[in-house]
Amino acid sequence: MIIELGHYALILALATVIVQSILPLVGTIRGDRALMAVAPAAALAGFLLVLFSFSVLTFAYVVSDFSVGNVWQNSHSLKPMIYKITGVWGNHEGSMLLWLLILVFFSALVATFGANLPERLRANVLAVQGFISTAFALFILLTSNPFLRLQPAPAEGQDLNPVLQDIGLAIHPPLLYLGYVGFSVSFSFAIAALIDGRIDAAWARWVRPWTLAAWSFLTAGIAMGSYWAYYELGWGGWWFWDPVENASFIPWLAGTALLHSALVMEKREALKIWTVLLAILTFSMSLLGTFLVRSGVLTSVHAFATDPTRGVFILAILVFFIGGALSLFAFRAATLKAGGLFAPISREGALVLNNLILTTAAATVLTGTLYPLVLEALTGEKISVGPPFFNLTFGLLMLPLLLAVPFGPLLAWKRGDVLAAGQRLFAAAGIGLVCAAVVLYIQNGGPVLAYFGLAIGFYMIAGAITDLWLRAGIGKVARNVAVRRFIGLPGSAFGTALAHIGIGVTVIGVIAVTAFETEHVVEMKPGMQVEAGGYTLTFDGMRRGQGPNYSEESGHFTVARGGVIVADVWSSKRLYSARRMPTTEAGIRTFGLSQLYVSLGDAMADGGIVVRVWWKPMILCIWIGTLIMMAGGIVSLCDRRLRVGAPQKVRKVKPALEAAE
């Protein structure tokens, strides 16, 4: 009975978001405050109904109710509880319900924390959110219903895809969806502004917190997905330019551009039209990513759907929202003022350069992702656009951007002095070169371009610190004054510095592991050794084991340095009984910021086993940098200046004498 209640709650949620999408919009057209006031209540009710529906599906997984088709297809009674819960979104139907839950959650947040917004703007924003929620609720109920029953109920489930039975799956999809769906609020603000015809600095300040939150979550989601693929799939890589990876990276690039563009609009009331367009395009790229992953167009461990009907439905959603938004933008663009003017050499100019490079990079990744699909659809010919294309094109685009990033915060608004900013960055450039020289000495050689890339990474870190140093006046004023200035800096200053530091740290990790990693593929028998990264791995033999829903063979390796044992590593191959599907569990041992990565291959007829051993220097910098970036977004989000209310009319109090007269 409870399953039917969850299904019924989802149907009621559909009715609620339909009300949310129509009545407030009618209210803004008629100027009816009562109809506009329906929006917050409907948004909260829709969230509670979808939350109840999602909780019911989760309960079905927890108790292994195999009468529910979705549970039977993606769960097993012997599966650990944590993977029963994560199995809720480890499939197409459940993941789309999670998507809808996060969508209505953001609507509820706007309803709760948007009381300081102008009444018309809040009603229009929630109405647009309601239209998006309606589309996805219809999609779930008509094509991807997770509550369908099986009669008779099977005795046992088919289990979840083994590669998805990992703690990373408990974190990665929710974070990714919080980023994807979070950009829907920026999109709704853009559409609401176009409907109402009001786009100003206050609008940009209202949009920026939602964009920051979505960007921070998406950053964390991409990083978690990268690390999950790195340690779980056993292939030794952290990014492969897979189309599904690109589907999340494209909106991240567009969202980064939107953040910087909104800042220019907030500070100088410039780039108004561009900022609105970016808000539309960023969420459009999120919808496009949804189409690629959920339509069956792509084959990947991330891509769950294979039913063409679902693909057509999502394509219709894509056309309606992207096409409708761009049409409205085209209709309204001529009536919008472009905003303030500024010199090319200024902070605005630096942010425009940032926007141009990021949007070009997003377009490049999008082209490389879609071109093989379009070509196959038109000609039937299959081609592959792989890492060489993306590494070359994306890398060349990022080089000037990385060099320019430290200049931006040091340039003045409206008109800056690039020479003066360059002089302030001399020390940062020197630090970058010295650090690269130290790495060169330690590595004792290597590709010249790699050291240039490392110097850029260290230069970006030092440049971000330079900005805070100069703002606080360290070295120019008394120490206690400098400390007070430093503490009193706005949160956005610290957030910007942290984000730029994070990029520098990630660049260092990417360059170091790409240029200096070593790989050994050897056949090993017990007692044999292999050298990697200055460590000696000794293969001690294999051991059989049994997990809750799998059997495994694990290889044990002893790690020594200079003849002294410093660690050991277990690497295994698992076979999941329900699906009869093997997986490779890599053995990873961390030394500082570097890692020793061991993956087992096929067993040989002579009793040996193929072993792949990687030494990955400074690879943890990749994910540490992304965490620092995310922290920068959160710190900026806490800036009190982002909590702005709508201007209120204040009644002028007449003097007593005037009133008496």
# chains A, B, ... in the order shown; residues from 1 in each chain; ligands from 1
>>> residues_around(residues="stretch 595-603 of chain A", least_positions_apart="4", cutoff="9 Å", atoms="only C-alpha atoms", output="ChimeraX atom specification")
/A:231,234-236,523,532-533,535,554-555,557,569-573,584-591,607-620
>>> atom_distance(atom1="atom CA of A:Ser67", atom2="atom CA of A:Pro154")
6.6 Å
>>> closest_residue(among="A:Pro400, A:Pro406, A:Gly179, A:Pro387", to="A:Gly255", atoms="only C-alpha atoms")
A:Gly179
>>> closest_residue(among="A:Ala108, A:Thr211, A:Leu98, A:Leu233", to="A:Pro173", atoms="only C-alpha atoms")
A:Leu98
>>> residues_around(residues="stretch 421-436 of chain A", least_positions_apart="3", cutoff="10 Å", atoms="only C-alpha atoms", output="VMD selection string")
chain A and resid 403 406 to 412 416 to 418 439 to 442 450 to 467 470 508
>>> closest_residue(among="A:Phe283, A:Tyr371, A:Tyr83, A:Tyr576", to="A:Ala170", atoms="only C-alpha atoms")
A:Tyr83
>>> select_by_dssp(residues="stretch 164-324 of chain A", states="alpha helix (DSSP H)", output="ChimeraX atom specification")
/A:167-196,201-232,243-268,272-294,308-318,324
>>> select_by_dssp(residues="stretch 513-556 of chain A", states="strand (DSSP E)", output="count of residues only")
30
>>> closest_residue(among="A:Leu48, A:Val68, A:Leu142, A:Leu212", to="A:Leu101", atoms="only C-alpha atoms")
A:Leu48
>>> residues_around(residues="A:Leu575", least_positions_apart="4", cutoff="12 Å", atoms="only C-alpha atoms", output="VMD selection string")
chain A and resid 161 to 163 544 to 554 579 to 585
>>> decode(residues="stretch 27-39 of chain A", atoms="N, CA and C atoms", output="JSON list (two decimals), in the first residue's frame")
[["chain", "number", "residue", "atom", "x", "y", "z"],
["A", 27, "GLY", "N", -1.14, 35.83, -12.25],
["A", 27, "GLY", "CA", -1.18, 36.89, -11.25],
["A", 27, "GLY", "C", -0.30, 38.07, -11.61],
["A", 28, "THR", "N", 0.89, 37.80, -12.15],
["A", 28, "THR", "CA", 1.77, 38.91, -12.54],
["A", 28, "THR", "C", 1.22, 39.66, -13.74],
["A", 29, "ILE", "N", 0.55, 38.96, -14.62],
["A", 29, "ILE", "CA", -0.05, 39.62, -15.79],
["A", 29, "ILE", "C", -1.20, 40.52, -15.36],
["A", 30, "ARG", "N", -2.01, 40.03, -14.43],
["A", 30, "ARG", "CA", -3.18, 40.80, -13.98],
["A", 30, "ARG", "C", -2.87, 41.75, -12.82],
["A", 31, "GLY", "N", -1.68, 41.59, -12.24],
["A", 31, "GLY", "CA", -1.38, 42.38, -11.05],
["A", 31, "GLY", "C", -2.13, 41.90, -9.83],
["A", 32, "ASP", "N", -2.49, 40.63, -9.81],
["A", 32, "ASP", "CA", -3.26, 40.03, -8.71],
["A", 32, "ASP", "C", -2.30, 39.45, -7.67],
["A", 33, "ARG", "N", -2.20, 40.10, -6.53],
["A", 33, "ARG", "CA", -1.25, 39.67, -5.50],
["A", 33, "ARG", "C", -1.65, 38.34, -4.89],
["A", 34, "ALA", "N", -2.92, 38.05, -4.84],
["A", 34, "ALA", "CA", -3.38, 36.78, -4.27],
["A", 34, "ALA", "C", -2.91, 35.60, -5.12],
["A", 35, "LEU", "N", -2.99, 35.74, -6.43],
["A", 35, "LEU", "CA", -2.50, 34.66, -7.31],
["A", 35, "LEU", "C", -0.98, 34.55, -7.24],
["A", 36, "MET", "N", -0.29, 35.68, -7.14],
["A", 36, "MET", "CA", 1.17, 35.63, -7.03],
["A", 36, "MET", "C", 1.59, 34.96, -5.73],
["A", 37, "ALA", "N", 0.78, 35.12, -4.68],
["A", 37, "ALA", "CA", 1.12, 34.53, -3.38],
["A", 37, "ALA", "C", 0.95, 33.02, -3.37],
["A", 38, "VAL", "N", 0.32, 32.46, -4.41],
["A", 38, "VAL", "CA", 0.17, 31.01, -4.50],
["A", 38, "VAL", "C", 1.52, 30.33, -4.73],
["A", 39, "ALA", "N", 2.44, 31.03, -5.40],
["A", 39, "ALA", "CA", 3.72, 30.43, -5.81],
["A", 39, "ALA", "C", 4.51, 29.83, -4.66]]
